[in-house]
$ cat my_file_7.txt   # compact mmCIF, C-alpha atoms
# COMPACT_ATOMS: atom_id res chain seq x y z
CA MET R 291 17.40 -30.56 -20.50
CA ASP R 292 15.46 -27.39 -20.03
CA VAL R 293 17.36 -24.19 -20.92
CA GLN R 294 16.31 -22.60 -17.68
CA GLN R 295 17.80 -25.50 -15.68
CA GLU R 296 21.07 -25.28 -17.61
CA THR R 297 21.42 -21.58 -16.92
CA GLY R 298 20.38 -21.94 -13.32
CA GLY R 299 17.35 -19.62 -13.66
CA SER R 300 14.39 -19.98 -11.35
CA PRO R 301 11.32 -21.87 -12.64
CA HIS R 302 9.10 -18.93 -11.65
CA VAL R 303 10.96 -16.51 -13.94
CA ALA R 304 10.94 -18.97 -16.84
CA GLU R 305 7.20 -19.48 -16.42
CA SER R 306 6.58 -15.70 -16.46
CA ALA R 307 8.72 -15.23 -19.55
CA THR R 308 6.79 -17.81 -21.57
CA ASP R 309 3.43 -16.47 -20.39
CA ALA R 310 3.45 -13.39 -22.62
CA GLY R 311 -0.33 -13.07 -23.10
CA LEU R 312 -2.59 -10.91 -21.01
CA SER R 313 -4.68 -12.66 -18.40
CA PRO R 314 -8.40 -11.75 -18.58
CA LYS R 315 -8.59 -11.88 -14.78
CA GLY R 316 -5.67 -9.46 -14.54
CA VAL R 317 -7.13 -7.12 -17.15
CA VAL R 318 -10.42 -6.96 -15.23
CA ALA R 319 -8.55 -6.17 -12.00
CA PHE R 320 -6.50 -3.51 -13.84
CA VAL R 321 -9.58 -1.82 -15.33
CA VAL R 322 -11.51 -1.94 -12.04
CA ALA R 323 -8.49 -0.50 -10.20
CA LEU R 324 -8.26 2.29 -12.76
CA LEU R 325 -11.95 3.10 -12.35
CA PHE R 326 -11.74 3.31 -8.57
CA PRO R 327 -8.51 3.32 -6.51
CA GLY R 328 -8.09 0.12 -4.48
CA ALA R 329 -11.02 -1.72 -6.09
CA GLY R 330 -8.73 -3.98 -8.14
CA HIS R 331 -7.04 -5.29 -5.01
CA VAL R 332 -10.39 -5.83 -3.29
CA LEU R 333 -11.52 -7.81 -6.36
CA SER R 334 -8.46 -10.06 -5.92
CA GLY R 335 -9.26 -10.62 -2.25
CA ARG R 336 -6.65 -8.20 -0.84
CA PHE R 337 -9.17 -6.24 1.20
CA ARG R 338 -6.79 -4.47 3.59
CA ARG R 339 -4.40 -3.42 0.83
CA GLY R 340 -7.29 -2.23 -1.33
CA ALA R 341 -8.88 -0.31 1.54
CA LEU R 342 -5.58 1.38 2.38
CA LEU R 343 -5.04 2.39 -1.26
CA ALA R 344 -8.62 3.66 -1.49
CA VAL R 345 -8.32 5.74 1.68
CA VAL R 346 -4.94 7.23 0.71
CA LEU R 347 -5.69 7.91 -2.96
CA VAL R 348 -9.26 9.16 -2.50
CA GLY R 349 -8.02 11.21 0.46
CA GLY R 350 -5.20 12.66 -1.66
CA PHE R 351 -7.61 13.47 -4.48
CA THR R 352 -10.03 15.15 -2.05
CA LEU R 353 -7.17 17.08 -0.49
CA GLY R 354 -6.10 18.23 -3.95
CA ILE R 355 -9.60 19.54 -4.66
CA LEU R 356 -9.81 21.19 -1.20
CA LEU R 357 -6.45 22.89 -1.84
CA HIS R 358 -8.04 24.49 -4.92
CA GLY R 359 -6.19 22.27 -7.35
CA ARG R 360 -7.28 22.37 -10.97
CA LEU R 361 -8.16 19.25 -12.95
CA ALA R 362 -6.69 19.29 -16.44
CA THR R 363 -8.97 19.31 -19.46
CA ILE R 364 -8.04 18.85 -23.10
CA ASP R 365 -6.87 22.08 -24.67
CA LEU R 366 -6.19 21.64 -28.39
CA GLU R 367 -4.07 24.78 -28.52
CA ASN R 368 -1.83 23.53 -25.71
CA ARG R 369 -0.59 20.02 -26.55
CA LEU R 370 1.07 19.72 -23.14
CA SER R 371 -2.39 19.56 -21.62
CA PHE R 372 -2.67 15.96 -22.94
CA PHE R 373 0.01 14.86 -20.46
CA PHE R 374 -1.82 16.49 -17.57
CA VAL R 375 -5.15 15.02 -18.67
CA PHE R 376 -3.44 11.59 -18.81
CA ALA R 377 -2.12 12.12 -15.28
CA ASP R 378 -5.43 13.31 -13.84
CA ALA R 379 -7.46 10.67 -15.69
CA GLY R 380 -5.61 8.01 -13.67
CA SER R 381 -8.00 8.80 -10.84
CA GLY R 382 -10.76 7.17 -12.91
CA LEU R 383 -14.31 7.81 -11.78
CA LEU R 384 -13.16 10.50 -9.34
CA TYR R 385 -11.83 12.54 -12.28
CA LEU R 386 -14.90 11.80 -14.41
CA GLY R 387 -17.28 12.67 -11.55
CA CYS R 388 -15.54 15.97 -10.92
CA LEU R 389 -15.66 16.83 -14.62
CA LEU R 390 -19.38 16.09 -14.76
CA ALA R 391 -20.06 17.98 -11.52
CA HIS R 392 -17.80 20.80 -12.70
CA VAL R 393 -15.66 20.59 -9.58
CA GLY R 394 -12.00 21.58 -9.81
CA ILE R 395 -12.35 23.01 -13.31
CA ASP R 396 -12.77 26.77 -13.00
CA VAL R 397 -10.16 27.36 -10.34
CA ALA R 398 -8.27 30.62 -9.98
CA ALA R 399 -4.49 30.18 -10.15
CA LYS R 400 -4.00 33.10 -7.76
CA ASN R 401 -4.95 30.91 -4.79
CA PRO R 402 -1.82 30.24 -2.65
CA THR R 403 -2.42 26.49 -2.54
CA TYR R 404 -3.30 26.15 -6.25
CA GLU R 405 0.07 24.62 -7.23
CA TYR R 406 0.04 22.17 -4.32
CA GLY R 407 -3.49 21.04 -5.08
CA THR R 408 -2.90 20.69 -8.81
CA SER R 409 0.34 18.74 -8.30
CA LEU R 410 -1.38 16.45 -5.81
CA LEU R 411 -4.17 15.72 -8.30
CA HIS R 412 -1.62 14.82 -11.00
CA VAL R 413 0.39 12.61 -8.64
CA VAL R 414 -2.65 10.79 -7.26
CA GLY R 415 -3.69 9.91 -10.82
CA LEU R 416 -0.20 8.67 -11.70
CA LEU R 417 0.04 6.67 -8.47
CA ASN R 418 -3.27 5.02 -9.30
CA TYR R 419 -1.78 3.82 -12.62
CA LEU R 420 0.96 2.13 -10.57
CA ALA R 421 -1.64 0.71 -8.16
CA ALA R 422 -3.64 -0.63 -11.14
CA LEU R 423 -0.52 -2.37 -12.52
CA ASP R 424 0.05 -3.82 -9.04
CA ALA R 425 -3.58 -5.03 -9.02
CA TYR R 426 -2.89 -6.83 -12.33
CA ASP R 427 0.18 -8.54 -10.85
CA VAL R 428 -1.76 -9.58 -7.76
CA ALA R 429 -4.67 -10.91 -9.84
CA VAL R 430 -2.43 -13.08 -12.05
CA GLY R 431 -0.47 -14.37 -9.04
CA ARG R 432 2.85 -12.66 -9.72
CA LYS R 433 2.69 -10.97 -6.33
CA PRO R 434 1.29 -12.17 -3.00
CA MET J 162 1.16 25.55 5.86
CA HIS J 163 3.75 24.72 3.16
CA LEU J 164 5.47 22.15 5.38
CA LEU J 165 2.14 20.58 6.34
CA VAL J 166 1.04 20.23 2.71
CA MET J 167 4.47 18.84 1.77
CA ALA J 168 4.19 16.30 4.62
CA LEU J 169 0.70 15.25 3.49
CA PHE J 170 1.94 14.90 -0.09
CA ALA J 171 4.90 12.82 1.12
CA ALA J 172 2.58 10.65 3.24
CA VAL J 173 0.31 9.88 0.26
CA VAL J 174 3.22 8.97 -2.04
CA ALA J 175 5.11 7.00 0.64
CA THR J 176 2.05 4.94 1.58
CA VAL J 177 1.27 3.96 -2.01
CA MET J 178 4.93 3.20 -2.79
CA ALA J 179 5.12 0.99 0.31
CA VAL J 180 1.88 -0.85 -0.52
CA ILE J 181 2.83 -1.64 -4.14
CA ASP J 182 6.48 -2.41 -3.38
CA SER J 183 7.29 -5.81 -4.88
CA GLU J 184 10.49 -6.58 -2.98
CA ARG J 185 9.09 -6.53 0.55
CA HIS J 186 6.24 -8.83 1.44
CA ASP J 187 5.70 -8.60 5.20
CA VAL J 188 3.84 -5.69 6.74
CA ARG J 189 6.69 -4.60 9.01
CA ALA J 190 9.20 -4.33 6.14
CA LYS J 191 6.69 -2.45 4.00
CA ALA J 192 5.91 -0.02 6.86
CA LEU J 193 9.61 0.59 7.43
CA TYR J 194 10.10 1.24 3.71
CA GLY J 195 7.16 3.70 3.76
CA VAL J 196 8.68 5.57 6.70
CA LYS J 197 12.02 5.76 4.86
CA VAL J 198 10.37 7.13 1.70
CA PHE J 199 8.44 9.67 3.79
CA ALA J 200 11.58 10.77 5.61
CA ALA J 201 13.48 11.04 2.31
CA PHE J 202 10.76 13.28 0.85
CA ILE J 203 10.81 15.59 3.87
CA PHE J 204 14.61 15.69 4.02
CA VAL J 205 15.04 16.41 0.29
CA GLY J 206 12.23 18.99 0.42
CA LEU J 207 13.92 20.82 3.29
CA VAL J 208 17.33 20.68 1.57
CA ILE J 209 15.90 22.04 -1.70
CA GLY J 210 14.04 24.75 0.23
CA TRP J 211 17.25 25.72 2.06
CA VAL J 212 19.28 25.83 -1.19
CA MET J 213 16.61 27.92 -2.94
CA TYR J 214 16.76 30.47 -0.15
CA PHE J 215 20.17 31.52 -1.50
CA ILE J 216 19.11 31.65 -5.13
CA PRO J 217 17.93 35.16 -6.04
CA LEU J 218 14.82 34.63 -8.14

$ encode --input "my_file_7.txt" --output "structure tokens"
Amino acid sequence: MDVQQETGGSPHVAESATDAGLSPKGVVAFVVALLFPGAGHVLSGRFRRGALLAVVLVGGFTLGILLHGRLATIDLENRLSFFFVFADAGSGLLYLGCLLAHVGIDVAAKNPTYEYGTSLLHVVGLLNYLAALDAYDVAVGRKP
Amino acid sequence: MHLLVMALFAAVVATVMAVIDSERHDVRAKALYGVKVFAAFIFVGLVIGWVMYFIPL
């Protein structure tokens, strides 16, 4: 008799536990979602969910820039900057585009909304990591 | 201004948390969860702001 039947576990959980490898379809959805917020869900056919994520995350990123938030760049003398770069880089092409266009880089910290904008940029990037993981789960069929 | 920005921040986080929530699958339950997260953010923000008023910094 199957161990999972003896212990009363659900077949779905047992199937997930044995399937330890990464699914190529899921990895593609994850990477696409990281590059552009919501795109991973759209790729998996969840158009409304993807559109909502895109509107909210791109809107949040734009709001962060409009509030004079500063995008983190690597500073070798300040190792903490790596964490902030990791957070901001979660926005994918939005972060890369702003770096190339030099938007949100030379921002004066004296602006009253600087902290709000910078925090929003970090959080949007981190939320997009979560959204990309969700896109992976949707692509491999773990979530509806 | 501060309250407005805090509300916008809370709205962004609450919406994403509701969309990627794995325990609720129908739209109504997800929307309700998003509203709860939003309300929690605003409530906690106001409480922290009120407490900080008394801290001499």

$ closest_atom_pairs --input "my_file_7.txt" --of "chain R" --to "chain J" --cutoff "8 Å" --atoms "only C-alpha atoms" --output "JSON lines"
{"residue": "R:Arg339", "atom": "CA", "partner": "J:Val180", "partner_atom": "CA", "distance": 6.9}
{"residue": "R:Leu343", "atom": "CA", "partner": "J:Val177", "partner_atom": "CA", "distance": 6.5}
{"residue": "R:Val346", "atom": "CA", "partner": "J:Val173", "partner_atom": "CA", "distance": 5.9}
{"residue": "R:Leu347", "atom": "CA", "partner": "J:Val173", "partner_atom": "CA", "distance": 7.1}
{"residue": "R:Gly350", "atom": "CA", "partner": "J:Val173", "partner_atom": "CA", "distance": 6.5}
{"residue": "R:Tyr406", "atom": "CA", "partner": "J:Val166", "partner_atom": "CA", "distance": 7.4}
{"residue": "R:Leu410", "atom": "CA", "partner": "J:Phe170", "partner_atom": "CA", "distance": 6.8}
{"residue": "R:Leu417", "atom": "CA", "partner": "J:Val177", "partner_atom": "CA", "distance": 7.1}
{"residue": "R:Leu420", "atom": "CA", "partner": "J:Ile181", "partner_atom": "CA", "distance": 7.7}
{"residue": "R:Ala421", "atom": "CA", "partner": "J:Ile181", "partner_atom": "CA", "distance": 6.5}
{"residue": "R:Asp424", "atom": "CA", "partner": "J:Ile181", "partner_atom": "CA", "distance": 6.0}
{"residue": "R:Lys433", "atom": "CA", "partner": "J:Ser183", "partner_atom": "CA", "distance": 7.1}
{"residue": "R:Pro434", "atom": "CA", "partner": "J:His186", "partner_atom": "CA", "distance": 7.4}

$ closest_residue --input "my_file_7.txt" --among "R:Ile364, R:Val345, R:Val430, R:Leu353" --to "Leu333 of chain R" --atoms "all atoms listed in the file"
R:Val430

$ atom_distance --input "my_file_7.txt" --atom1 "atom CA of Phe337 of chain R" --atom2 "atom CA of Gly311 of chain R"
26.7 Å

$ residues_around --input "my_file_7.txt" --residues "Pro314 of chain R" --least-positions-apart "6" --cutoff "10 Å" --atoms "all atoms listed in the file" --output "PyMOL selection string"
chain R and resi 320+426+429-430

$ atom_distance --input "my_file_7.txt" --atom1 "atom CA of Phe215 of chain J" --atom2 "atom CA of Pro402 of chain R"
22.1 Å

$ atom_distance --input "my_file_7.txt" --atom1 "atom CA of Ala168 of chain J" --atom2 "atom CA of Gly195 of chain J"
13.0 Å

$ residues_around --input "my_file_7.txt" --residues "Phe199 of chain J" --least-positions-apart "3" --cutoff "6 Å" --atoms "all atoms listed in the file" --output "list in words"
Ala171, Ala172, Ala175, Val196 and Phe202 of chain J

$ write_last_selection --input "my_file_7.txt" --atoms "C-alpha atoms" --output "JSON list (two decimals), in the frame of the given file"
[["chain", "number", "residue", "atom", "x", "y", "z"],
["J", 171, "ALA", "CA", 4.90, 12.82, 1.12],
["J", 172, "ALA", "CA", 2.58, 10.65, 3.24],
["J", 175, "ALA", "CA", 5.11, 7.00, 0.64],
["J", 196, "VAL", "CA", 8.68, 5.57, 6.70],
["J", 202, "PHE", "CA", 10.76, 13.28, 0.85]]

$ decode --input "my_file_7.txt" --residues "segment 350-363 of chain R" --atoms "N, CA, C and O atoms" --output "short mmCIF file (atom, residue, chain, number, x, y, z; two decimals), in the first residue's frame"
data_model
loop_
_atom_site.label_atom_id
_atom_site.label_comp_id
_atom_site.auth_asym_id
_atom_site.auth_seq_id
_atom_site.Cartn_x
_atom_site.Cartn_y
_atom_site.Cartn_z
N GLY R 350 2.69 51.37 -8.97
CA GLY R 350 3.46 51.59 -7.74
C GLY R 350 4.87 52.04 -8.04
O GLY R 350 5.40 52.94 -7.38
N PHE R 351 5.47 51.43 -9.06
CA PHE R 351 6.84 51.82 -9.45
C PHE R 351 6.85 53.27 -9.95
O PHE R 351 7.71 54.07 -9.56
N THR R 352 5.87 53.60 -10.81
CA THR R 352 5.77 54.96 -11.35
C THR R 352 5.54 55.97 -10.22
O THR R 352 6.15 57.04 -10.20
N LEU R 353 4.69 55.58 -9.29
CA LEU R 353 4.42 56.46 -8.14
C LEU R 353 5.70 56.68 -7.33
O LEU R 353 5.99 57.80 -6.89
N GLY R 354 6.47 55.61 -7.15
CA GLY R 354 7.74 55.73 -6.43
C GLY R 354 8.69 56.70 -7.10
O GLY R 354 9.35 57.50 -6.44
N ILE R 355 8.75 56.64 -8.43
CA ILE R 355 9.63 57.56 -9.18
C ILE R 355 9.08 58.99 -9.06
O ILE R 355 9.84 59.95 -8.84
N LEU R 356 7.74 59.13 -9.19
CA LEU R 356 7.13 60.47 -9.11
C LEU R 356 7.30 61.09 -7.72
O LEU R 356 7.32 62.32 -7.59
N LEU R 357 7.38 60.23 -6.70
CA LEU R 357 7.58 60.73 -5.33
C LEU R 357 9.06 60.99 -5.04
O LEU R 357 9.45 61.11 -3.88
N HIS R 358 9.85 61.02 -6.09
CA HIS R 358 11.30 61.30 -5.98
C HIS R 358 12.04 60.21 -5.22
O HIS R 358 12.99 60.49 -4.49
N GLY R 359 11.57 58.97 -5.41
CA GLY R 359 12.29 57.85 -4.81
C GLY R 359 13.59 57.60 -5.55
O GLY R 359 13.71 57.95 -6.73
N ARG R 360 14.54 57.00 -4.85
CA ARG R 360 15.85 56.75 -5.46
C ARG R 360 16.04 55.25 -5.68
O ARG R 360 15.85 54.47 -4.75
N LEU R 361 16.41 54.87 -6.90
CA LEU R 361 16.71 53.48 -7.20
C LEU R 361 18.12 53.17 -6.71
O LEU R 361 19.05 53.96 -6.93
N ALA R 362 18.27 52.02 -6.06
CA ALA R 362 19.57 51.66 -5.49
C ALA R 362 20.52 51.21 -6.60
O ALA R 362 20.11 50.57 -7.57
N THR R 363 21.77 51.57 -6.44
CA THR R 363 22.82 51.08 -7.35
C THR R 363 23.92 50.47 -6.48
O THR R 363 24.05 50.80 -5.30
#
